[in-house]
Amino acid sequence: MLAQMPAIVQQNIDALLPFALQYGVSFVAAILILIVGFWFAGRAKTWTMRALARGPVKDDMLQSFFGSIVRYLIIAATLLAVLGEFGIETTSLIAVLGAAGLAVGLALQGTLSNVAAGVMLLIFRPFRTGQYVEIGGIAGTVKELTLFFTELNTPDNVQIIVPNSGIWGQPLKNYSSYPTRRVDITFGISYGDDIDKAMEIIRSVYEADPRSMKQPEPFLGVIGLNDSSVDIVMRLWVANADYWPTKFEITKKVKERFDAEGITIPFPSRTVYQIADAAD
């Protein structure tokens, strides 16, 4: 019995060796195809974006979108080549997928809706790369538009990935679309302070700021009488890039001028009246 064992093992090895050689080579070839294919897909995306940048397409978002399409096409071709290495008829597979297109479409309707939304965003261009937008309560700078999602970067450097379908179906605020923005700041002063004096201080501060535009004309007026303050609103126009620096600096300078000129910014307060008891 023991003498027959080497012969049986040898027979099994002889039977399995052609199979192992055939599929072992196919397996190694498939791995190489995957590595080269994914590497080439990444390189092709970069080449496409560079080629578009040198041509008439100067928009970063368009370059990224078409580069993403090229990458996914090469990945799909790579996967078909891997299947071909194992003897799977890719033409038959494509025919089967085509026949089952309705079922695949229903199963992947979320993914397909992202692709469709990405195409619509590319056509109508509600935003561009580098612009600051707010979508459904999420705000950030647009970094990239791909076939399936849009990447945003928040001011505190957090990455946000938003599916394209979630963008297309939501109200969108684009803070960078127009070259100018209006700065609105409300200042509260005490009821005992001189309103005209406070308004003159505010006016002198924004008129001295070179970023403040003369047209449209700035607005300054009393907007409300609150429980403990008289509210004065200032509205002026600046270049889009100057919005936050102007708002921060004018707020600081008005506060400093108020302190120097004796204008007070009141804290919330409440007056309590006590009615004496008639028996007393």
# chains A, B, ... in the order shown; residues from 1 in each chain; ligands from 1
>>> residues_around(residues="A:Ile250", least_positions_apart="3", cutoff="7 Å", atoms="only C-alpha atoms", output="VMD selection string")
chain A and resid 205 to 206 246 to 247 253 to 254
>>> write_last_selection(atoms="N, CA and C atoms", output="short mmCIF file (atom, residue, chain, number, x, y, z; two decimals), in the first residue's frame")
data_model
loop_
_atom_site.label_atom_id
_atom_site.label_comp_id
_atom_site.auth_asym_id
_atom_site.auth_seq_id
_atom_site.Cartn_x
_atom_site.Cartn_y
_atom_site.Cartn_z
N VAL A 205 -15.80 105.42 9.58
CA VAL A 205 -14.97 104.21 9.54
C VAL A 205 -15.03 103.55 8.16
N TYR A 206 -16.26 103.35 7.64
CA TYR A 206 -16.30 102.64 6.35
C TYR A 206 -15.90 103.54 5.18
N THR A 246 -12.98 92.79 5.33
CA THR A 246 -13.66 94.07 5.56
C THR A 246 -14.60 93.98 6.76
N LYS A 247 -15.37 92.92 6.84
CA LYS A 247 -16.32 92.77 7.94
C LYS A 247 -15.60 92.71 9.28
N LYS A 253 -12.87 98.29 14.30
CA LYS A 253 -12.62 99.72 14.35
C LYS A 253 -13.81 100.50 14.91
N VAL A 254 -15.03 100.09 14.56
CA VAL A 254 -16.21 100.77 15.11
C VAL A 254 -16.28 100.57 16.62
#
>>> residues_around(residues="stretch 161-177 of chain A", least_positions_apart="2", cutoff="8 Å", atoms="only C-alpha atoms", output="PDB file with N, CA and C atoms, in the first residue's frame")
ATOM      1  N   SER A 113     -27.952  57.740 -11.301  1.00  0.00           N
ATOM      2  CA  SER A 113     -28.470  59.097 -11.063  1.00  0.00           C
ATOM      3  C   SER A 113     -27.339  60.057 -10.727  1.00  0.00           C
ATOM      4  N   ASN A 114     -26.295  59.538 -10.052  1.00  0.00           N
ATOM      5  CA  ASN A 114     -25.130  60.388  -9.780  1.00  0.00           C
ATOM      6  C   ASN A 114     -24.416  60.772 -11.070  1.00  0.00           C
ATOM      7  N   VAL A 115     -24.318  59.806 -11.993  1.00  0.00           N
ATOM      8  CA  VAL A 115     -23.685  60.088 -13.286  1.00  0.00           C
ATOM      9  C   VAL A 115     -24.504  61.122 -14.053  1.00  0.00           C
ATOM     10  N   ALA A 116     -25.822  60.916 -14.096  1.00  0.00           N
ATOM     11  CA  ALA A 116     -26.689  61.861 -14.806  1.00  0.00           C
ATOM     12  C   ALA A 116     -26.616  63.248 -14.172  1.00  0.00           C
ATOM     13  N   ALA A 117     -26.600  63.294 -12.837  1.00  0.00           N
ATOM     14  CA  ALA A 117     -26.511  64.589 -12.160  1.00  0.00           C
ATOM     15  C   ALA A 117     -25.171  65.256 -12.434  1.00  0.00           C
ATOM     16  N   GLY A 118     -24.102  64.452 -12.502  1.00  0.00           N
ATOM     17  CA  GLY A 118     -22.787  65.004 -12.823  1.00  0.00           C
ATOM     18  C   GLY A 118     -22.757  65.630 -14.206  1.00  0.00           C
ATOM     19  N   MET A 120     -25.389  66.876 -15.778  1.00  0.00           N
ATOM     20  CA  MET A 120     -26.194  68.097 -15.711  1.00  0.00           C
ATOM     21  C   MET A 120     -25.417  69.237 -15.048  1.00  0.00           C
ATOM     22  N   LEU A 121     -24.662  68.916 -14.001  1.00  0.00           N
ATOM     23  CA  LEU A 121     -23.848  69.942 -13.351  1.00  0.00           C
ATOM     24  C   LEU A 121     -22.781  70.472 -14.295  1.00  0.00           C
ATOM     25  N   PRO A 126     -23.465  75.336 -12.279  1.00  0.00           N
ATOM     26  CA  PRO A 126     -23.846  76.216 -11.167  1.00  0.00           C
ATOM     27  C   PRO A 126     -22.659  76.613 -10.294  1.00  0.00           C
ATOM     28  N   PHE A 127     -21.541  75.922 -10.432  1.00  0.00           N
ATOM     29  CA  PHE A 127     -20.331  76.284  -9.698  1.00  0.00           C
ATOM     30  C   PHE A 127     -19.112  75.811 -10.492  1.00  0.00           C
ATOM     31  N   GLN A 131     -14.633  77.690  -6.159  1.00  0.00           N
ATOM     32  CA  GLN A 131     -15.681  78.561  -5.637  1.00  0.00           C
ATOM     33  C   GLN A 131     -16.220  78.013  -4.315  1.00  0.00           C
ATOM     34  N   TYR A 132     -16.688  78.936  -3.459  1.00  0.00           N
ATOM     35  CA  TYR A 132     -17.233  78.566  -2.152  1.00  0.00           C
ATOM     36  C   TYR A 132     -18.750  78.465  -2.271  1.00  0.00           C
ATOM     37  N   VAL A 133     -19.293  77.280  -1.959  1.00  0.00           N
ATOM     38  CA  VAL A 133     -20.716  77.026  -2.143  1.00  0.00           C
ATOM     39  C   VAL A 133     -21.307  76.424  -0.878  1.00  0.00           C
ATOM     40  N   GLU A 134     -22.636  76.490  -0.779  1.00  0.00           N
ATOM     41  CA  GLU A 134     -23.387  75.849   0.299  1.00  0.00           C
ATOM     42  C   GLU A 134     -24.496  75.025  -0.324  1.00  0.00           C
ATOM     43  N   ILE A 135     -24.534  73.729   0.033  1.00  0.00           N
ATOM     44  CA  ILE A 135     -25.497  72.796  -0.550  1.00  0.00           C
ATOM     45  C   ILE A 135     -26.192  72.050   0.577  1.00  0.00           C
ATOM     46  N   GLY A 136     -27.480  72.295   0.769  1.00  0.00           N
ATOM     47  CA  GLY A 136     -28.227  71.583   1.788  1.00  0.00           C
ATOM     48  C   GLY A 136     -27.619  71.700   3.174  1.00  0.00           C
ATOM     49  N   PHE A 148     -19.135  60.614 -10.301  1.00  0.00           N
ATOM     50  CA  PHE A 148     -20.099  60.153  -9.302  1.00  0.00           C
ATOM     51  C   PHE A 148     -20.290  61.108  -8.123  1.00  0.00           C
ATOM     52  N   PHE A 149     -19.300  61.918  -7.810  1.00  0.00           N
ATOM     53  CA  PHE A 149     -19.404  62.765  -6.625  1.00  0.00           C
ATOM     54  C   PHE A 149     -18.649  64.070  -6.847  1.00  0.00           C
ATOM     55  N   THR A 150     -18.913  65.019  -5.913  1.00  0.00           N
ATOM     56  CA  THR A 150     -18.200  66.293  -5.891  1.00  0.00           C
ATOM     57  C   THR A 150     -17.479  66.408  -4.557  1.00  0.00           C
ATOM     58  N   GLU A 151     -16.233  66.820  -4.606  1.00  0.00           N
ATOM     59  CA  GLU A 151     -15.427  66.966  -3.388  1.00  0.00           C
ATOM     60  C   GLU A 151     -15.383  68.425  -2.957  1.00  0.00           C
ATOM     61  N   LEU A 152     -15.736  68.662  -1.688  1.00  0.00           N
ATOM     62  CA  LEU A 152     -15.666  69.997  -1.094  1.00  0.00           C
ATOM     63  C   LEU A 152     -14.609  70.014  -0.003  1.00  0.00           C
ATOM     64  N   GLN A 159     -12.416  67.342   4.441  1.00  0.00           N
ATOM     65  CA  GLN A 159     -12.915  66.894   3.140  1.00  0.00           C
ATOM     66  C   GLN A 159     -14.363  66.425   3.253  1.00  0.00           C
ATOM     67  N   PRO A 179     -18.817  89.035  -8.676  1.00  0.00           N
ATOM     68  CA  PRO A 179     -17.560  89.694  -8.280  1.00  0.00           C
ATOM     69  C   PRO A 179     -17.664  90.534  -7.020  1.00  0.00           C
ATOM     70  N   ASN A 240     -15.643  90.559  -3.818  1.00  0.00           N
ATOM     71  CA  ASN A 240     -15.938  89.268  -3.191  1.00  0.00           C
ATOM     72  C   ASN A 240     -14.822  88.796  -2.273  1.00  0.00           C
TER      73      ASN A 240
END
>>> select_by_dssp(residues="stretch 136-190 of chain A", states="strand (DSSP E or B)", output="mmCIF file with C-alpha atoms, in the first residue's frame")
data_model
loop_
_atom_site.group_PDB
_atom_site.id
_atom_site.type_symbol
_atom_site.label_atom_id
_atom_site.label_comp_id
_atom_site.auth_asym_id
_atom_site.auth_seq_id
_atom_site.Cartn_x
_atom_site.Cartn_y
_atom_site.Cartn_z
ATOM 1 C CA ILE A 138 -23.031 71.834 3.802
ATOM 2 C CA ALA A 139 -20.557 74.567 2.831
ATOM 3 C CA GLY A 140 -17.063 74.374 1.381
ATOM 4 C CA THR A 141 -14.753 75.178 -1.511
ATOM 5 C CA VAL A 142 -15.241 73.029 -4.617
ATOM 6 C CA LYS A 143 -12.142 70.886 -5.175
ATOM 7 C CA GLU A 144 -13.248 68.420 -7.847
ATOM 8 C CA LEU A 145 -16.278 67.244 -9.831
ATOM 9 C CA PHE A 149 -19.404 62.765 -6.625
ATOM 10 C CA THR A 150 -18.200 66.293 -5.891
ATOM 11 C CA GLU A 151 -15.427 66.966 -3.388
ATOM 12 C CA LEU A 152 -15.666 69.997 -1.094
ATOM 13 C CA ASN A 153 -13.080 71.392 1.297
ATOM 14 C CA GLN A 159 -12.915 66.894 3.140
ATOM 15 C CA ILE A 160 -16.597 66.447 2.267
ATOM 16 C CA ILE A 161 -17.734 64.031 -0.455
ATOM 17 C CA VAL A 162 -21.216 64.838 -1.777
ATOM 18 C CA PRO A 163 -22.971 62.528 -4.303
ATOM 19 C CA LEU A 172 -27.400 75.701 -3.924
ATOM 20 C CA LYS A 173 -25.795 78.941 -2.718
ATOM 21 C CA ASN A 174 -22.716 80.068 -4.631
ATOM 22 C CA THR A 180 -19.047 91.760 -5.426
ATOM 23 C CA ARG A 181 -20.835 91.067 -2.137
ATOM 24 C CA ARG A 182 -22.707 93.194 0.379
ATOM 25 C CA VAL A 183 -21.374 93.427 3.930
ATOM 26 C CA ASP A 184 -24.165 93.747 6.523
ATOM 27 C CA ILE A 185 -23.203 94.633 10.106
ATOM 28 C CA THR A 186 -25.621 95.602 12.882
ATOM 29 C CA PHE A 187 -24.376 97.714 15.810
ATOM 30 C CA GLY A 188 -26.392 98.100 19.017
ATOM 31 C CA ILE A 189 -26.093 101.259 21.128
#
>>> closest_residue(among="A:Glu249, A:Leu52, A:Thr129, A:Phe40", to="A:Ala208", atoms="only C-alpha atoms")
A:Glu249
>>> residues_around(residues="A:Val70", least_positions_apart="5", cutoff="12 Å", atoms="only C-alpha atoms", output="list in words")
Phe38, Phe40, Ala41, Gly42, Arg43, Ala44, Lys45, Thr46, Trp47, Thr48, Met49, Gln63, Ser64, Phe65, Ile75, Ala76, Ala77, Thr146 and Leu147 of chain A
>>> write_last_selection(atoms="all heavy atoms", output="short mmCIF file (atom, residue, chain, number, x, y, z; two decimals), in the first residue's frame")
data_model
loop_
_atom_site.label_atom_id
_atom_site.label_comp_id
_atom_site.auth_asym_id
_atom_site.auth_seq_id
_atom_site.Cartn_x
_atom_site.Cartn_y
_atom_site.Cartn_z
N PHE A 38 -4.65 49.59 -13.89
CA PHE A 38 -4.99 50.63 -12.92
C PHE A 38 -3.94 51.74 -12.91
O PHE A 38 -4.27 52.92 -12.73
CB PHE A 38 -5.14 50.02 -11.52
CG PHE A 38 -6.50 49.44 -11.27
CD1 PHE A 38 -6.83 48.16 -11.69
CD2 PHE A 38 -7.48 50.19 -10.63
CE1 PHE A 38 -8.09 47.64 -11.47
CE2 PHE A 38 -8.74 49.68 -10.39
CZ PHE A 38 -9.05 48.40 -10.82
N PHE A 40 -2.13 52.61 -15.54
CA PHE A 40 -2.32 53.37 -16.77
C PHE A 40 -3.58 54.24 -16.69
O PHE A 40 -3.61 55.35 -17.25
CB PHE A 40 -2.42 52.42 -17.96
CG PHE A 40 -2.56 53.12 -19.28
CD1 PHE A 40 -1.49 53.80 -19.83
CD2 PHE A 40 -3.76 53.10 -19.98
CE1 PHE A 40 -1.61 54.46 -21.05
CE2 PHE A 40 -3.90 53.75 -21.18
CZ PHE A 40 -2.81 54.42 -21.72
N ALA A 41 -4.62 53.76 -15.99
CA ALA A 41 -5.85 54.56 -15.84
C ALA A 41 -5.56 55.86 -15.10
O ALA A 41 -6.03 56.94 -15.48
CB ALA A 41 -6.91 53.75 -15.09
N GLY A 42 -4.76 55.77 -14.02
CA GLY A 42 -4.39 56.98 -13.30
C GLY A 42 -3.54 57.93 -14.13
O GLY A 42 -3.76 59.15 -14.13
N ARG A 43 -2.58 57.35 -14.88
CA ARG A 43 -1.75 58.18 -15.73
C ARG A 43 -2.56 58.82 -16.86
O ARG A 43 -2.35 59.98 -17.21
CB ARG A 43 -0.60 57.35 -16.32
CG ARG A 43 0.35 56.79 -15.29
CD ARG A 43 1.05 57.88 -14.51
NE ARG A 43 1.86 58.72 -15.39
CZ ARG A 43 2.45 59.84 -15.02
NH1 ARG A 43 2.28 60.26 -13.77
NH2 ARG A 43 3.18 60.54 -15.86
N ALA A 44 -3.49 58.04 -17.43
CA ALA A 44 -4.30 58.57 -18.53
C ALA A 44 -5.16 59.73 -18.07
O ALA A 44 -5.38 60.69 -18.81
CB ALA A 44 -5.17 57.46 -19.12
N LYS A 45 -5.66 59.66 -16.83
CA LYS A 45 -6.44 60.77 -16.29
C LYS A 45 -5.58 62.03 -16.21
O LYS A 45 -6.01 63.13 -16.61
CB LYS A 45 -6.98 60.42 -14.91
CG LYS A 45 -7.75 61.55 -14.25
CD LYS A 45 -8.25 61.14 -12.87
CE LYS A 45 -9.00 62.31 -12.21
NZ LYS A 45 -9.51 61.95 -10.86
N THR A 46 -4.34 61.86 -15.71
CA THR A 46 -3.43 63.01 -15.61
C THR A 46 -3.10 63.56 -16.99
O THR A 46 -3.09 64.79 -17.20
CB THR A 46 -2.14 62.59 -14.89
OG1 THR A 46 -2.48 62.07 -13.59
CG2 THR A 46 -1.21 63.77 -14.72
N TRP A 47 -2.81 62.68 -17.95
CA TRP A 47 -2.48 63.13 -19.31
C TRP A 47 -3.65 63.88 -19.95
O TRP A 47 -3.46 64.87 -20.63
CB TRP A 47 -2.08 61.93 -20.17
CG TRP A 47 -0.80 61.28 -19.73
CD1 TRP A 47 0.21 61.85 -19.02
CD2 TRP A 47 -0.42 59.91 -19.93
NE1 TRP A 47 1.21 60.94 -18.77
CE2 TRP A 47 0.86 59.75 -19.31
CE3 TRP A 47 -1.02 58.82 -20.55
CZ2 TRP A 47 1.53 58.53 -19.32
CZ3 TRP A 47 -0.35 57.61 -20.57
CH2 TRP A 47 0.91 57.47 -19.96
N THR A 48 -4.87 63.34 -19.72
CA THR A 48 -6.04 63.99 -20.29
C THR A 48 -6.23 65.40 -19.72
O THR A 48 -6.50 66.35 -20.46
CB THR A 48 -7.31 63.15 -20.01
OG1 THR A 48 -7.15 61.84 -20.56
CG2 THR A 48 -8.54 63.81 -20.61
N MET A 49 -6.08 65.52 -18.41
CA MET A 49 -6.25 66.84 -17.78
C MET A 49 -5.17 67.82 -18.26
O MET A 49 -5.46 68.98 -18.52
CB MET A 49 -6.19 66.68 -16.26
CG MET A 49 -7.36 65.90 -15.67
SD MET A 49 -7.22 65.59 -13.89
CE MET A 49 -7.27 67.26 -13.25
N GLN A 63 -11.73 69.70 -16.85
CA GLN A 63 -10.56 68.83 -16.97
C GLN A 63 -10.68 67.63 -16.05
O GLN A 63 -10.41 66.49 -16.45
CB GLN A 63 -9.30 69.64 -16.65
CG GLN A 63 -9.02 70.78 -17.61
CD GLN A 63 -7.98 71.74 -17.09
OE1 GLN A 63 -7.23 71.41 -16.17
NE2 GLN A 63 -7.92 72.93 -17.66
N SER A 64 -11.10 67.88 -14.80
CA SER A 64 -11.25 66.79 -13.84
C SER A 64 -12.34 65.82 -14.26
O SER A 64 -12.19 64.60 -14.14
CB SER A 64 -11.55 67.36 -12.46
OG SER A 64 -11.83 66.34 -11.53
N PHE A 65 -13.46 66.35 -14.79
CA PHE A 65 -14.58 65.50 -15.16
C PHE A 65 -14.20 64.58 -16.32
O PHE A 65 -14.42 63.36 -16.27
CB PHE A 65 -15.78 66.37 -15.55
CG PHE A 65 -17.05 65.60 -15.77
CD1 PHE A 65 -17.85 65.25 -14.70
CD2 PHE A 65 -17.44 65.21 -17.04
CE1 PHE A 65 -19.03 64.53 -14.89
CE2 PHE A 65 -18.61 64.51 -17.23
CZ PHE A 65 -19.41 64.16 -16.16
N ILE A 75 -10.39 51.46 -16.77
CA ILE A 75 -10.60 50.43 -15.75
C ILE A 75 -11.58 49.37 -16.25
O ILE A 75 -11.38 48.16 -16.04
CB ILE A 75 -11.10 51.08 -14.44
CG1 ILE A 75 -9.98 51.89 -13.79
CG2 ILE A 75 -11.62 50.02 -13.47
CD1 ILE A 75 -10.40 52.64 -12.54
N ALA A 76 -12.66 49.80 -16.92
CA ALA A 76 -13.62 48.84 -17.47
C ALA A 76 -12.96 47.95 -18.51
O ALA A 76 -13.18 46.72 -18.53
CB ALA A 76 -14.81 49.60 -18.08
N ALA A 77 -12.13 48.52 -19.39
CA ALA A 77 -11.43 47.71 -20.39
C ALA A 77 -10.46 46.75 -19.73
O ALA A 77 -10.28 45.61 -20.19
CB ALA A 77 -10.69 48.64 -21.36
N THR A 146 -16.33 64.82 -10.13
CA THR A 146 -16.07 63.56 -10.82
C THR A 146 -17.36 63.02 -11.39
O THR A 146 -18.41 63.66 -11.32
CB THR A 146 -15.44 62.53 -9.86
OG1 THR A 146 -16.44 62.10 -8.90
CG2 THR A 146 -14.27 63.12 -9.10
N LEU A 147 -17.27 61.82 -11.94
CA LEU A 147 -18.44 61.21 -12.56
C LEU A 147 -19.53 60.87 -11.55
O LEU A 147 -20.71 60.87 -11.88
CB LEU A 147 -18.01 59.94 -13.31
CG LEU A 147 -18.91 59.43 -14.43
CD1 LEU A 147 -19.07 60.49 -15.52
CD2 LEU A 147 -18.34 58.15 -15.03
#
>>> residues_around(residues="stretch 212-220 of chain A", least_positions_apart="6", cutoff="8 Å", atoms="only C-alpha atoms", output="list in words")
Met199, Arg203, Tyr206, Ile232, Val233, Met234, Arg235, Leu236, Trp237 and Val238 of chain A
>>> atom_distance(atom1="atom CA of A:Arg128", atom2="atom CA of A:Arg71")
21.1 Å
>>> closest_residue(among="A:Ala198, A:Leu122, A:Ala81, A:Val222", to="A:Asp259", atoms="only C-alpha atoms")
A:Ala198
>>> atom_distance(atom1="atom CA of A:Glu256", atom2="atom CA of A:Lys197")
14.4 Å
>>> select_by_dssp(residues="stretch 29-272 of chain A", states="alpha helix (DSSP H)", output="ChimeraX atom specification")
/A:29-54,60-85,90-99,101-107,109-124,164-168,195-208,243-261
>>> atom_distance(atom1="atom CA of A:Ile69", atom2="atom CA of A:Leu112")
13.7 Å
>>> closest_residue(among="A:Pro210, A:Ile201, A:Asp231, A:Asp242", to="A:Phe258", atoms="only C-alpha atoms")
A:Ile201
>>> decode(residues="stretch 230-246 of chain A", atoms="N, CA, C and O atoms", output="PDB file, in the first residue's frame")
ATOM      1  N   VAL A 230     -30.633 100.239  20.698  1.00  0.00           N
ATOM      2  CA  VAL A 230     -31.061 100.793  19.414  1.00  0.00           C
ATOM      3  C   VAL A 230     -30.120 100.205  18.359  1.00  0.00           C
ATOM      4  O   VAL A 230     -28.899 100.378  18.452  1.00  0.00           O
ATOM      5  N   ASP A 231     -30.658  99.512  17.375  1.00  0.00           N
ATOM      6  CA  ASP A 231     -29.833  98.810  16.393  1.00  0.00           C
ATOM      7  C   ASP A 231     -29.651  99.649  15.135  1.00  0.00           C
ATOM      8  O   ASP A 231     -30.634 100.103  14.522  1.00  0.00           O
ATOM      9  N   ILE A 232     -28.394  99.846  14.756  1.00  0.00           N
ATOM     10  CA  ILE A 232     -28.037 100.582  13.544  1.00  0.00           C
ATOM     11  C   ILE A 232     -27.399  99.597  12.567  1.00  0.00           C
ATOM     12  O   ILE A 232     -26.440  98.886  12.926  1.00  0.00           O
ATOM     13  N   VAL A 233     -27.905  99.528  11.360  1.00  0.00           N
ATOM     14  CA  VAL A 233     -27.378  98.603  10.363  1.00  0.00           C
ATOM     15  C   VAL A 233     -26.534  99.353   9.346  1.00  0.00           C
ATOM     16  O   VAL A 233     -26.870 100.470   8.933  1.00  0.00           O
ATOM     17  N   MET A 234     -25.412  98.763   8.981  1.00  0.00           N
ATOM     18  CA  MET A 234     -24.536  99.286   7.935  1.00  0.00           C
ATOM     19  C   MET A 234     -24.491  98.259   6.801  1.00  0.00           C
ATOM     20  O   MET A 234     -24.254  97.071   7.034  1.00  0.00           O
ATOM     21  N   ARG A 235     -24.736  98.726   5.582  1.00  0.00           N
ATOM     22  CA  ARG A 235     -24.687  97.858   4.405  1.00  0.00           C
ATOM     23  C   ARG A 235     -23.811  98.519   3.347  1.00  0.00           C
ATOM     24  O   ARG A 235     -24.119  99.621   2.887  1.00  0.00           O
ATOM     25  N   LEU A 236     -22.731  97.844   2.991  1.00  0.00           N
ATOM     26  CA  LEU A 236     -21.851  98.392   1.957  1.00  0.00           C
ATOM     27  C   LEU A 236     -21.340  97.262   1.074  1.00  0.00           C
ATOM     28  O   LEU A 236     -21.339  96.101   1.467  1.00  0.00           O
ATOM     29  N   TRP A 237     -20.910  97.638  -0.129  1.00  0.00           N
ATOM     30  CA  TRP A 237     -20.485  96.660  -1.119  1.00  0.00           C
ATOM     31  C   TRP A 237     -18.967  96.643  -1.227  1.00  0.00           C
ATOM     32  O   TRP A 237     -18.316  97.689  -1.202  1.00  0.00           O
ATOM     33  N   VAL A 238     -18.432  95.422  -1.349  1.00  0.00           N
ATOM     34  CA  VAL A 238     -16.985  95.239  -1.495  1.00  0.00           C
ATOM     35  C   VAL A 238     -16.742  94.148  -2.542  1.00  0.00           C
ATOM     36  O   VAL A 238     -17.666  93.435  -2.945  1.00  0.00           O
ATOM     37  N   ALA A 239     -15.485  94.025  -2.967  1.00  0.00           N
ATOM     38  CA  ALA A 239     -15.114  92.912  -3.841  1.00  0.00           C
ATOM     39  C   ALA A 239     -15.297  91.601  -3.089  1.00  0.00           C
ATOM     40  O   ALA A 239     -15.141  91.535  -1.861  1.00  0.00           O
ATOM     41  N   ASN A 240     -15.643  90.559  -3.818  1.00  0.00           N
ATOM     42  CA  ASN A 240     -15.938  89.268  -3.191  1.00  0.00           C
ATOM     43  C   ASN A 240     -14.822  88.796  -2.273  1.00  0.00           C
ATOM     44  O   ASN A 240     -15.062  88.338  -1.153  1.00  0.00           O
ATOM     45  N   ALA A 241     -13.593  88.946  -2.721  1.00  0.00           N
ATOM     46  CA  ALA A 241     -12.458  88.464  -1.928  1.00  0.00           C
ATOM     47  C   ALA A 241     -12.236  89.290  -0.661  1.00  0.00           C
ATOM     48  O   ALA A 241     -11.573  88.827   0.270  1.00  0.00           O
ATOM     49  N   ASP A 242     -12.807  90.503  -0.617  1.00  0.00           N
ATOM     50  CA  ASP A 242     -12.609  91.387   0.543  1.00  0.00           C
ATOM     51  C   ASP A 242     -13.731  91.281   1.570  1.00  0.00           C
ATOM     52  O   ASP A 242     -13.719  92.034   2.562  1.00  0.00           O
ATOM     53  N   TYR A 243     -14.685  90.381   1.363  1.00  0.00           N
ATOM     54  CA  TYR A 243     -15.866  90.341   2.223  1.00  0.00           C
ATOM     55  C   TYR A 243     -15.490  90.135   3.696  1.00  0.00           C
ATOM     56  O   TYR A 243     -15.811  90.974   4.552  1.00  0.00           O
ATOM     57  N   TRP A 244     -14.832  89.028   4.013  1.00  0.00           N
ATOM     58  CA  TRP A 244     -14.543  88.733   5.414  1.00  0.00           C
ATOM     59  C   TRP A 244     -13.510  89.676   6.022  1.00  0.00           C
ATOM     60  O   TRP A 244     -13.704  90.154   7.159  1.00  0.00           O
ATOM     61  N   PRO A 245     -12.396  90.001   5.327  1.00  0.00           N
ATOM     62  CA  PRO A 245     -11.461  90.975   5.922  1.00  0.00           C
ATOM     63  C   PRO A 245     -12.109  92.317   6.233  1.00  0.00           C
ATOM     64  O   PRO A 245     -11.840  92.922   7.281  1.00  0.00           O
ATOM     65  N   THR A 246     -12.981  92.785   5.330  1.00  0.00           N
ATOM     66  CA  THR A 246     -13.658  94.067   5.565  1.00  0.00           C
ATOM     67  C   THR A 246     -14.597  93.980   6.755  1.00  0.00           C
ATOM     68  O   THR A 246     -14.628  94.880   7.616  1.00  0.00           O
TER      69      THR A 246
END
